[in-house]
file input.pdb (PDB, C-alpha atoms)
ATOM      1  CA  ARG A   1      30.478 137.367  78.517  1.00  0.00           C
ATOM      2  CA  ALA A   2      28.298 134.239  78.661  1.00  0.00           C
ATOM      3  CA  THR A   3      29.179 133.600  82.299  1.00  0.00           C
ATOM      4  CA  PRO A   4      26.524 135.775  84.020  1.00  0.00           C
ATOM      5  CA  ARG A   5      23.761 133.981  82.119  1.00  0.00           C
ATOM      6  CA  ILE A   6      25.314 130.564  82.850  1.00  0.00           C
ATOM      7  CA  ARG A   7      25.602 131.428  86.540  1.00  0.00           C
ATOM      8  CA  ASP A   8      21.978 132.625  86.652  1.00  0.00           C
ATOM      9  CA  ALA A   9      20.842 129.275  85.213  1.00  0.00           C
ATOM     10  CA  VAL A  10      23.332 127.098  87.123  1.00  0.00           C
ATOM     11  CA  PRO A  11      24.470 128.977  90.263  1.00  0.00           C
ATOM     12  CA  VAL A  12      27.089 126.365  91.191  1.00  0.00           C
ATOM     13  CA  ALA A  13      28.799 126.484  87.762  1.00  0.00           C
ATOM     14  CA  GLU A  14      32.488 127.278  87.596  1.00  0.00           C
ATOM     15  CA  ILE A  15      34.147 128.404  84.401  1.00  0.00           C
ATOM     16  CA  TRP A  16      37.769 127.314  84.020  1.00  0.00           C
ATOM     17  CA  LEU A  17      40.003 129.068  81.521  1.00  0.00           C
ATOM     18  CA  ALA A  18      43.248 127.220  80.981  1.00  0.00           C
ATOM     19  CA  GLY A  19      46.084 128.908  79.138  1.00  0.00           C
ATOM     20  CA  ASP A  20      47.902 132.183  79.093  1.00  0.00           C
ATOM     21  CA  GLY A  21      48.232 134.814  76.494  1.00  0.00           C
ATOM     22  CA  SER A  22      48.212 138.483  75.739  1.00  0.00           C
ATOM     23  CA  HIS A  23      44.455 138.798  76.414  1.00  0.00           C
ATOM     24  CA  ARG A  24      44.402 137.303  79.903  1.00  0.00           C
ATOM     25  CA  GLY A  25      44.390 140.665  81.671  1.00  0.00           C
ATOM     26  CA  GLU A  26      41.557 141.843  79.443  1.00  0.00           C
ATOM     27  CA  TYR A  27      39.508 138.728  80.240  1.00  0.00           C
ATOM     28  CA  GLU A  28      40.141 139.114  83.971  1.00  0.00           C
ATOM     29  CA  ALA A  29      38.954 142.739  83.748  1.00  0.00           C
ATOM     30  CA  ILE A  30      35.803 141.661  81.886  1.00  0.00           C
ATOM     31  CA  ALA A  31      35.084 139.059  84.584  1.00  0.00           C
ATOM     32  CA  ARG A  32      35.387 141.750  87.269  1.00  0.00           C
ATOM     33  CA  GLU A  33      33.276 144.197  85.233  1.00  0.00           C
ATOM     34  CA  LEU A  34      30.518 141.587  84.803  1.00  0.00           C
ATOM     35  CA  GLY A  35      30.640 140.619  88.477  1.00  0.00           C
ATOM     36  CA  VAL A  36      31.662 137.018  87.789  1.00  0.00           C
ATOM     37  CA  ALA A  37      35.275 137.043  88.942  1.00  0.00           C
ATOM     38  CA  ASP A  38      34.304 134.555  91.654  1.00  0.00           C
ATOM     39  CA  THR A  39      32.834 132.186  89.031  1.00  0.00           C
ATOM     40  CA  VAL A  40      35.688 132.265  86.514  1.00  0.00           C
ATOM     41  CA  ARG A  41      38.961 130.579  87.411  1.00  0.00           C
ATOM     42  CA  PHE A  42      41.939 131.700  85.339  1.00  0.00           C
ATOM     43  CA  LEU A  43      44.195 128.667  85.541  1.00  0.00           C
ATOM     44  CA  GLY A  44      47.114 129.941  83.481  1.00  0.00           C
ATOM     45  CA  PHE A  45      49.395 127.635  81.527  1.00  0.00           C
ATOM     46  CA  ARG A  46      48.746 124.026  82.447  1.00  0.00           C
ATOM     47  CA  SER A  47      50.595 120.858  81.578  1.00  0.00           C
ATOM     48  CA  ASP A  48      47.836 118.697  83.097  1.00  0.00           C
ATOM     49  CA  VAL A  49      45.055 119.356  80.585  1.00  0.00           C
ATOM     50  CA  PRO A  50      43.943 115.683  80.559  1.00  0.00           C
ATOM     51  CA  ASP A  51      43.415 115.922  84.331  1.00  0.00           C
ATOM     52  CA  LEU A  52      41.422 119.130  83.909  1.00  0.00           C
ATOM     53  CA  MET A  53      39.244 117.509  81.272  1.00  0.00           C
ATOM     54  CA  ALA A  54      38.686 114.484  83.499  1.00  0.00           C
ATOM     55  CA  ALA A  55      37.417 116.844  86.215  1.00  0.00           C
ATOM     56  CA  ALA A  56      35.230 118.926  83.869  1.00  0.00           C
ATOM     57  CA  ASP A  57      31.558 118.429  83.058  1.00  0.00           C
ATOM     58  CA  LEU A  58      31.811 119.756  79.505  1.00  0.00           C
ATOM     59  CA  ALA A  59      34.035 121.817  77.256  1.00  0.00           C
ATOM     60  CA  ALA A  60      33.238 125.103  75.548  1.00  0.00           C
ATOM     61  CA  VAL A  61      35.156 126.209  72.467  1.00  0.00           C
ATOM     62  CA  PRO A  62      33.729 129.649  71.637  1.00  0.00           C
ATOM     63  CA  SER A  63      36.143 130.431  68.821  1.00  0.00           C
ATOM     64  CA  ARG A  64      35.741 133.328  66.429  1.00  0.00           C
ATOM     65  CA  SER A  65      37.656 131.363  63.816  1.00  0.00           C
ATOM     66  CA  GLU A  66      39.170 127.921  63.919  1.00  0.00           C
ATOM     67  CA  GLY A  67      41.119 125.525  61.780  1.00  0.00           C
ATOM     68  CA  LEU A  68      40.788 121.904  62.803  1.00  0.00           C
ATOM     69  CA  GLY A  69      39.602 122.590  66.330  1.00  0.00           C
ATOM     70  CA  THR A  70      42.177 120.653  68.314  1.00  0.00           C
ATOM     71  CA  ALA A  71      40.770 121.712  71.701  1.00  0.00           C
ATOM     72  CA  ALA A  72      37.372 120.298  70.722  1.00  0.00           C
ATOM     73  CA  LEU A  73      38.975 117.070  69.495  1.00  0.00           C
ATOM     74  CA  GLU A  74      40.864 116.689  72.774  1.00  0.00           C
ATOM     75  CA  ALA A  75      37.680 117.275  74.762  1.00  0.00           C
ATOM     76  CA  LEU A  76      35.763 114.744  72.682  1.00  0.00           C
ATOM     77  CA  ALA A  77      38.590 112.230  73.130  1.00  0.00           C
ATOM     78  CA  ALA A  78      38.237 112.760  76.887  1.00  0.00           C
ATOM     79  CA  GLY A  79      34.541 111.906  76.628  1.00  0.00           C
ATOM     80  CA  LEU A  80      33.257 115.439  77.155  1.00  0.00           C
ATOM     81  CA  ALA A  81      30.283 116.969  75.406  1.00  0.00           C
ATOM     82  CA  VAL A  82      31.379 120.131  73.584  1.00  0.00           C
ATOM     83  CA  VAL A  83      29.627 123.434  72.986  1.00  0.00           C
ATOM     84  CA  ALA A  84      31.462 125.205  70.176  1.00  0.00           C
ATOM     85  CA  SER A  85      31.133 128.016  67.697  1.00  0.00           C
ATOM     86  CA  ASP A  86      29.931 127.039  64.248  1.00  0.00           C
ATOM     87  CA  VAL A  87      33.180 128.053  62.534  1.00  0.00           C
ATOM     88  CA  GLY A  88      36.036 126.447  60.625  1.00  0.00           C
ATOM     89  CA  GLY A  89      36.561 122.755  61.210  1.00  0.00           C
ATOM     90  CA  LEU A  90      34.533 122.565  64.433  1.00  0.00           C
ATOM     91  CA  PRO A  91      31.362 121.237  62.717  1.00  0.00           C
ATOM     92  CA  ASP A  92      33.420 118.256  61.497  1.00  0.00           C
ATOM     93  CA  SER A  93      33.618 116.930  65.054  1.00  0.00           C
ATOM     94  CA  VAL A  94      31.022 118.819  67.073  1.00  0.00           C
ATOM     95  CA  VAL A  95      27.801 117.462  65.608  1.00  0.00           C
ATOM     96  CA  PRO A  96      24.688 119.120  67.047  1.00  0.00           C
ATOM     97  CA  GLY A  97      22.673 116.687  69.113  1.00  0.00           C
ATOM     98  CA  GLU A  98      25.246 113.922  68.616  1.00  0.00           C
ATOM     99  CA  THR A  99      28.588 114.991  70.124  1.00  0.00           C
ATOM    100  CA  GLY A 100      27.722 118.454  71.395  1.00  0.00           C
ATOM    101  CA  GLU A 101      26.121 121.686  70.291  1.00  0.00           C
ATOM    102  CA  LEU A 102      27.117 124.417  67.864  1.00  0.00           C
ATOM    103  CA  VAL A 103      26.282 128.079  68.384  1.00  0.00           C
ATOM    104  CA  ALA A 104      26.802 131.180  66.297  1.00  0.00           C
ATOM    105  CA  PRO A 105      30.195 132.781  66.905  1.00  0.00           C
ATOM    106  CA  GLU A 106      30.292 135.838  69.156  1.00  0.00           C
ATOM    107  CA  ASN A 107      26.848 135.061  70.581  1.00  0.00           C
ATOM    108  CA  PRO A 108      27.264 134.891  74.374  1.00  0.00           C
ATOM    109  CA  ALA A 109      23.541 134.295  74.980  1.00  0.00           C
ATOM    110  CA  ALA A 110      23.452 131.248  72.683  1.00  0.00           C
ATOM    111  CA  LEU A 111      26.669 129.920  74.201  1.00  0.00           C
ATOM    112  CA  ALA A 112      25.329 130.381  77.724  1.00  0.00           C
ATOM    113  CA  ASP A 113      22.019 128.726  76.923  1.00  0.00           C
ATOM    114  CA  ALA A 114      23.699 125.689  75.336  1.00  0.00           C
ATOM    115  CA  VAL A 115      26.163 125.312  78.217  1.00  0.00           C
ATOM    116  CA  ALA A 116      23.441 125.727  80.852  1.00  0.00           C
ATOM    117  CA  ALA A 117      21.178 123.217  79.099  1.00  0.00           C
ATOM    118  CA  LEU A 118      23.915 120.589  79.106  1.00  0.00           C
ATOM    119  CA  LEU A 119      24.929 121.324  82.679  1.00  0.00           C
ATOM    120  CA  GLY A 120      21.306 120.738  83.643  1.00  0.00           C
ATOM    121  CA  ASP A 121      21.050 117.408  81.839  1.00  0.00           C
ATOM    122  CA  PRO A 122      23.764 114.985  82.986  1.00  0.00           C
ATOM    123  CA  GLN A 123      22.338 112.025  81.042  1.00  0.00           C
ATOM    124  CA  ARG A 124      22.308 113.895  77.752  1.00  0.00           C
ATOM    125  CA  ARG A 125      25.766 115.313  78.473  1.00  0.00           C
ATOM    126  CA  ALA A 126      27.102 111.798  79.130  1.00  0.00           C
ATOM    127  CA  ALA A 127      25.509 110.437  75.939  1.00  0.00           C
ATOM    128  CA  LEU A 128      27.044 113.239  73.883  1.00  0.00           C
ATOM    129  CA  GLY A 129      30.401 112.576  75.524  1.00  0.00           C
ATOM    130  CA  ARG A 130      30.242 108.859  74.702  1.00  0.00           C
ATOM    131  CA  ALA A 131      29.320 109.621  71.094  1.00  0.00           C
ATOM    132  CA  GLY A 132      32.160 112.136  70.866  1.00  0.00           C
ATOM    133  CA  ARG A 133      34.664 109.596  72.156  1.00  0.00           C
ATOM    134  CA  ALA A 134      33.382 107.061  69.604  1.00  0.00           C
ATOM    135  CA  LEU A 135      33.702 109.635  66.812  1.00  0.00           C
ATOM    136  CA  ILE A 136      37.327 110.288  67.751  1.00  0.00           C
ATOM    137  CA  GLU A 137      38.095 106.553  67.797  1.00  0.00           C
ATOM    138  CA  GLU A 138      36.372 106.082  64.437  1.00  0.00           C
ATOM    139  CA  GLN A 139      37.693 109.097  62.538  1.00  0.00           C
ATOM    140  CA  PHE A 140      40.592 110.816  64.286  1.00  0.00           C
ATOM    141  CA  THR A 141      42.992 108.186  65.630  1.00  0.00           C
ATOM    142  CA  GLU A 142      46.295 107.587  63.841  1.00  0.00           C
ATOM    143  CA  ALA A 143      44.961 104.339  62.418  1.00  0.00           C
ATOM    144  CA  ALA A 144      41.733 105.969  61.188  1.00  0.00           C
ATOM    145  CA  LEU A 145      43.604 108.864  59.594  1.00  0.00           C
ATOM    146  CA  ALA A 146      46.076 106.474  57.951  1.00  0.00           C
ATOM    147  CA  ARG A 147      43.203 104.328  56.651  1.00  0.00           C
ATOM    148  CA  ARG A 148      41.403 107.358  55.197  1.00  0.00           C
ATOM    149  CA  THR A 149      44.624 108.597  53.589  1.00  0.00           C
ATOM    150  CA  LEU A 150      45.253 105.188  52.002  1.00  0.00           C
ATOM    151  CA  ASP A 151      41.631 105.013  50.827  1.00  0.00           C
ATOM    152  CA  PHE A 152      42.015 108.442  49.245  1.00  0.00           C
ATOM    153  CA  TYR A 153      45.153 107.409  47.336  1.00  0.00           C
ATOM    154  CA  ARG A 154      43.617 104.070  46.291  1.00  0.00           C
ATOM    155  CA  ASP A 155      40.578 105.905  44.933  1.00  0.00           C
ATOM    156  CA  LEU A 156      42.777 108.436  43.158  1.00  0.00           C
ATOM    157  CA  TRP A 157      44.837 105.600  41.643  1.00  0.00           C
ATOM    158  CA  LYS A 158      41.701 103.851  40.387  1.00  0.00           C
ATOM    159  CA  ARG A 159      40.370 107.027  38.781  1.00  0.00           C
ATOM    160  CA  THR A 160      43.639 107.823  37.011  1.00  0.00           C
ATOM    161  CA  HIS A 161      44.654 104.359  35.811  1.00  0.00           C
TER     162      HIS A 161
END
call {"tool": "encode", "arguments": {"input": "input.pdb", "output": "structure tokens"}}
result
Amino acid sequence: RATPRIRDAVPVAEIWLAGDGSHRGEYEAIARELGVADTVRFLGFRSDVPDLMAAADLAAVPSRSEGLGTAALEALAAGLAVVASDVGGLPDSVVPGETGELVAPENPAALADAVAALLGDPQRRAALGRAGRALIEEQFTEAALARRTLDFYRDLWKRTH
């Protein structure tokens, strides 16, 4: 539903939706209803997501609810700026003005405005992408997660002994 507003702001924008599921037909119908079927590409199931991310300008994760936010983490690891809903674990990695932008869930206008703003500012988008990649390397690699887990247990040990 954000696509018409994105296209009005950035006429050359393409929206790629990777994945399949029970709602695909519904989303295709919405794209036709909104007159943006030529702007939205339904890619279906893909095993080449890293290649898609390498070809993308940014990632949008407009979730209604979210746990950890793996799609956002993968996009950040690929060096993409992320526009995401302010739900669940997404604010742990999508930091407004640092690694991307957060918008209210189920707010197509806010999503569109944030996406369009980043599409119109390649330097800012690149800076957010670099910061996102650095965040992943600092906090979400195996080594970083192992270090934080060990630190947690060391702290717990100190407090109980």
call {"tool": "closest_residue", "arguments": {"input": "input.pdb", "among": "A:Ala29, A:Ala55, A:Val115, A:Leu73", "to": "Val10 of chain A", "atoms": "all atoms listed in the file"}}
result
A:Val115
call {"tool": "residues_around", "arguments": {"input": "input.pdb", "residues": "Leu102 of chain A", "least_positions_apart": "6", "cutoff": "7 Å", "atoms": "only C-alpha atoms", "output": "ChimeraX atom specification"}}
result
/A:83-86,94,96
call {"tool": "atom_distance", "arguments": {"input": "input.pdb", "atom1": "atom CA of Pro11 of chain A", "atom2": "atom CA of His23 of chain A"}}
result
26.2 Å
call {"tool": "residues_near_point", "arguments": {"input": "input.pdb", "point": "(28.3, 110.5, 74.5)", "cutoff": "10 Å", "atoms": "only C-alpha atoms", "output": "NGL selection string"}}
result
:A and (76 or 79-81 or 97-100 or 123-135)
call {"tool": "resolve_selection", "arguments": {"input": "input.pdb", "expression": "the PyMOL selection byres ((chain A and resi 9) around 10)", "output": "MDAnalysis selection string"}}
result
chainID A and resid 3:8 10:13 112:113 115:117 119:120
call {"tool": "residues_near_point", "arguments": {"input": "input.pdb", "point": "(40.0, 132.8, 83.0)", "cutoff": "8 Å", "atoms": "all atoms listed in the file", "output": "list in words"}}
result
Ile15, Trp16, Leu17, Ala18, Arg24, Tyr27, Glu28, Val40, Arg41, Phe42, Leu43 and Gly44 of chain A
call {"tool": "atom_distance", "arguments": {"input": "input.pdb", "atom1": "atom CA of Leu52 of chain A", "atom2": "atom CA of Asp38 of chain A"}}
result
18.7 Å
call {"tool": "atom_distance", "arguments": {"input": "input.pdb", "atom1": "atom CA of Ala114 of chain A", "atom2": "atom CA of Ala71 of chain A"}}
result
17.9 Å
call {"tool": "resolve_selection", "arguments": {"input": "input.pdb", "expression": "the PyMOL selection byres ((chain A and resi 108) around 9)", "output": "short mmCIF file (atom, residue, chain, number, x, y, z; two decimals) with C-alpha atoms, in the frame of the given file"}}
result
data_model
loop_
_atom_site.label_atom_id
_atom_site.label_comp_id
_atom_site.auth_asym_id
_atom_site.auth_seq_id
_atom_site.Cartn_x
_atom_site.Cartn_y
_atom_site.Cartn_z
CA ARG A 1 30.48 137.37 78.52
CA ALA A 2 28.30 134.24 78.66
CA THR A 3 29.18 133.60 82.30
CA ARG A 5 23.76 133.98 82.12
CA PRO A 62 33.73 129.65 71.64
CA ALA A 104 26.80 131.18 66.30
CA PRO A 105 30.20 132.78 66.90
CA GLU A 106 30.29 135.84 69.16
CA ASN A 107 26.85 135.06 70.58
CA ALA A 109 23.54 134.29 74.98
CA ALA A 110 23.45 131.25 72.68
CA LEU A 111 26.67 129.92 74.20
CA ALA A 112 25.33 130.38 77.72
CA ASP A 113 22.02 128.73 76.92
#
call {"tool": "closest_residue", "arguments": {"input": "input.pdb", "among": "A:Leu150, A:Val103, A:Gly35, A:Leu118", "to": "Asp57 of chain A", "atoms": "all atoms listed in the file"}}
result
A:Leu118
call {"tool": "closest_residue", "arguments": {"input": "input.pdb", "among": "A:Glu26, A:Asp155, A:Glu74, A:Asp121", "to": "Phe140 of chain A", "atoms": "only C-alpha atoms"}}
result
A:Glu74
